[in-house]
Amino acid sequence: MRRIAIAAAATVSVVVLLFSYRTSTDSTPVATSGPAEPSGTASGTSAGGDGTFTGDAADTRYGPVQVRITVAGGRITDAQAVEYPRESGRDVRINSTAVPELNQETLQAQSAQIDTISGATYTSEGYQQSLQSAIDQAHR
């Protein structure tokens, strides 16, 4: 009798979890911002020094990700994703929290060795690739 009660409770728990799972049904396209700086470009006082460096765009499953960094005094003082997936409502919801976290992590780590954001794995991986490209340009 005890096994039946446990099995029934487990079944009810699973059914409740299944019904509480939210799926994304919003497929409304969202307008993207203007064109980003071309891939692999750098602007600043001199190569290998301070300035603004835009990494190559990294292609991900959901679209390209491209990062621009500002270096001053040999430190990354600003990091911004200038291009990232924004085609659907789901992309917007995920990346509206993930991208600022990735930007902040870059400033803290001062490298491309940053944590992947749970739920935004593809964006995180693309961000890391483009960030490394921008860092490489800054060191030329």
# chains A, B, ... in the order shown; residues from 1 in each chain; ligands from 1
call {"tool": "residues_around", "arguments": {"residues": "Asp136 in chain A", "least_positions_apart": "5", "cutoff": "10 Å", "atoms": "only C-alpha atoms", "output": "CSV table (one decimal) with C-alpha atoms, in the first residue's frame"}}
result
chain,number,residue,atom,x,y,z
A,48,GLY,CA,48.7,47.1,-29.6
A,53,PHE,CA,38.6,47.0,-30.8
A,55,GLY,CA,36.1,41.3,-32.6
A,130,SER,CA,34.3,37.4,-30.5
A,131,LEU,CA,35.8,38.7,-27.3
call {"tool": "residues_around", "arguments": {"residues": "range 71-74 of chain A", "least_positions_apart": "4", "cutoff": "9 Å", "atoms": "only C-alpha atoms", "output": "list in words"}}
result
Gly49, Asp50, Gly51, Thr52, Phe53, Asp78 and Ala138 of chain A
call {"tool": "closest_residue", "arguments": {"among": "A:Thr77, A:Ser88, A:Ser118, A:Gln132", "to": "Gln104 in chain A", "atoms": "only C-alpha atoms"}}
result
A:Thr77
call {"tool": "select_by_dssp", "arguments": {"residues": "range 59-113 of chain A", "states": "strand (DSSP E or B)", "output": "mmCIF file with C-alpha atoms, in the first residue's frame"}}
result
data_model
loop_
_atom_site.group_PDB
_atom_site.id
_atom_site.type_symbol
_atom_site.label_atom_id
_atom_site.label_comp_id
_atom_site.auth_asym_id
_atom_site.auth_seq_id
_atom_site.Cartn_x
_atom_site.Cartn_y
_atom_site.Cartn_z
ATOM 1 C CA ASP A 59 28.306 32.570 -35.918
ATOM 2 C CA THR A 60 26.024 30.706 -33.506
ATOM 3 C CA GLY A 63 22.720 34.194 -35.177
ATOM 4 C CA PRO A 64 26.004 36.074 -35.059
ATOM 5 C CA VAL A 65 27.520 37.526 -31.892
ATOM 6 C CA GLN A 66 30.047 40.347 -32.062
ATOM 7 C CA VAL A 67 31.811 42.145 -29.205
ATOM 8 C CA ARG A 68 33.503 45.547 -29.017
ATOM 9 C CA ILE A 69 35.938 46.371 -26.207
ATOM 10 C CA THR A 70 37.595 49.567 -25.110
ATOM 11 C CA VAL A 71 41.114 49.291 -23.716
ATOM 12 C CA ALA A 72 42.738 52.032 -21.651
ATOM 13 C CA ARG A 75 42.848 47.177 -19.120
ATOM 14 C CA ILE A 76 39.450 46.478 -20.634
ATOM 15 C CA THR A 77 37.355 49.433 -19.510
ATOM 16 C CA ASP A 78 34.224 48.672 -21.521
ATOM 17 C CA ALA A 79 32.776 45.628 -23.254
ATOM 18 C CA GLN A 80 29.631 45.670 -25.356
ATOM 19 C CA ALA A 81 27.948 43.089 -27.532
ATOM 20 C CA VAL A 82 27.197 45.079 -30.672
ATOM 21 C CA GLU A 83 25.517 42.203 -32.449
#
call {"tool": "closest_residue", "arguments": {"among": "A:Val99, A:Ala8, A:Val92, A:Val16", "to": "Gln128 in chain A", "atoms": "only C-alpha atoms"}}
result
A:Val99
call {"tool": "atom_distance", "arguments": {"atom1": "CA of Asp91 in chain A", "atom2": "CA of Glu125 in chain A"}}
result
15.0 Å
call {"tool": "residues_around", "arguments": {"residues": "Ser124 in chain A", "least_positions_apart": "5", "cutoff": "9 Å", "atoms": "only C-alpha atoms", "output": "list in words"}}
result
Val65, Ala98, Val99, Leu102, Ile114, Asp115, Thr116, Ile117, Ser118 and Gln129 of chain A
call {"tool": "write_last_selection", "arguments": {"atoms": "N, CA and C atoms", "output": "PDB file, in the first residue's frame"}}
result
ATOM      1  N   VAL A  65      27.232  36.766 -33.108  1.00  0.00           N
ATOM      2  CA  VAL A  65      27.520  37.526 -31.892  1.00  0.00           C
ATOM      3  C   VAL A  65      28.837  38.254 -32.139  1.00  0.00           C
ATOM      4  N   ALA A  98      21.358  38.028 -20.417  1.00  0.00           N
ATOM      5  CA  ALA A  98      22.653  37.368 -20.606  1.00  0.00           C
ATOM      6  C   ALA A  98      23.736  38.334 -21.078  1.00  0.00           C
ATOM      7  N   VAL A  99      23.428  39.189 -22.036  1.00  0.00           N
ATOM      8  CA  VAL A  99      24.444  40.077 -22.601  1.00  0.00           C
ATOM      9  C   VAL A  99      25.014  41.046 -21.555  1.00  0.00           C
ATOM     10  N   LEU A 102      27.396  39.079 -19.429  1.00  0.00           N
ATOM     11  CA  LEU A 102      28.639  38.779 -20.139  1.00  0.00           C
ATOM     12  C   LEU A 102      29.538  40.014 -20.208  1.00  0.00           C
ATOM     13  N   ILE A 114      35.525  33.724 -19.326  1.00  0.00           N
ATOM     14  CA  ILE A 114      34.354  34.102 -18.547  1.00  0.00           C
ATOM     15  C   ILE A 114      33.381  32.940 -18.486  1.00  0.00           C
ATOM     16  N   ASP A 115      32.516  32.980 -17.494  1.00  0.00           N
ATOM     17  CA  ASP A 115      31.541  31.910 -17.313  1.00  0.00           C
ATOM     18  C   ASP A 115      30.469  31.961 -18.391  1.00  0.00           C
ATOM     19  N   THR A 116      29.977  30.786 -18.762  1.00  0.00           N
ATOM     20  CA  THR A 116      28.844  30.674 -19.666  1.00  0.00           C
ATOM     21  C   THR A 116      27.583  30.959 -18.869  1.00  0.00           C
ATOM     22  N   ILE A 117      26.674  31.714 -19.457  1.00  0.00           N
ATOM     23  CA  ILE A 117      25.424  32.044 -18.799  1.00  0.00           C
ATOM     24  C   ILE A 117      24.432  30.913 -19.054  1.00  0.00           C
ATOM     25  N   SER A 118      23.904  30.360 -17.971  1.00  0.00           N
ATOM     26  CA  SER A 118      22.935  29.278 -18.078  1.00  0.00           C
ATOM     27  C   SER A 118      21.713  29.748 -18.857  1.00  0.00           C
ATOM     28  N   GLN A 129      34.128  33.866 -28.182  1.00  0.00           N
ATOM     29  CA  GLN A 129      34.944  33.813 -29.406  1.00  0.00           C
ATOM     30  C   GLN A 129      35.219  35.207 -29.945  1.00  0.00           C
TER      31      GLN A 129
END
call {"tool": "atom_distance", "arguments": {"atom1": "CA of Thr123 in chain A", "atom2": "CA of His139 in chain A"}}
result
24.3 Å
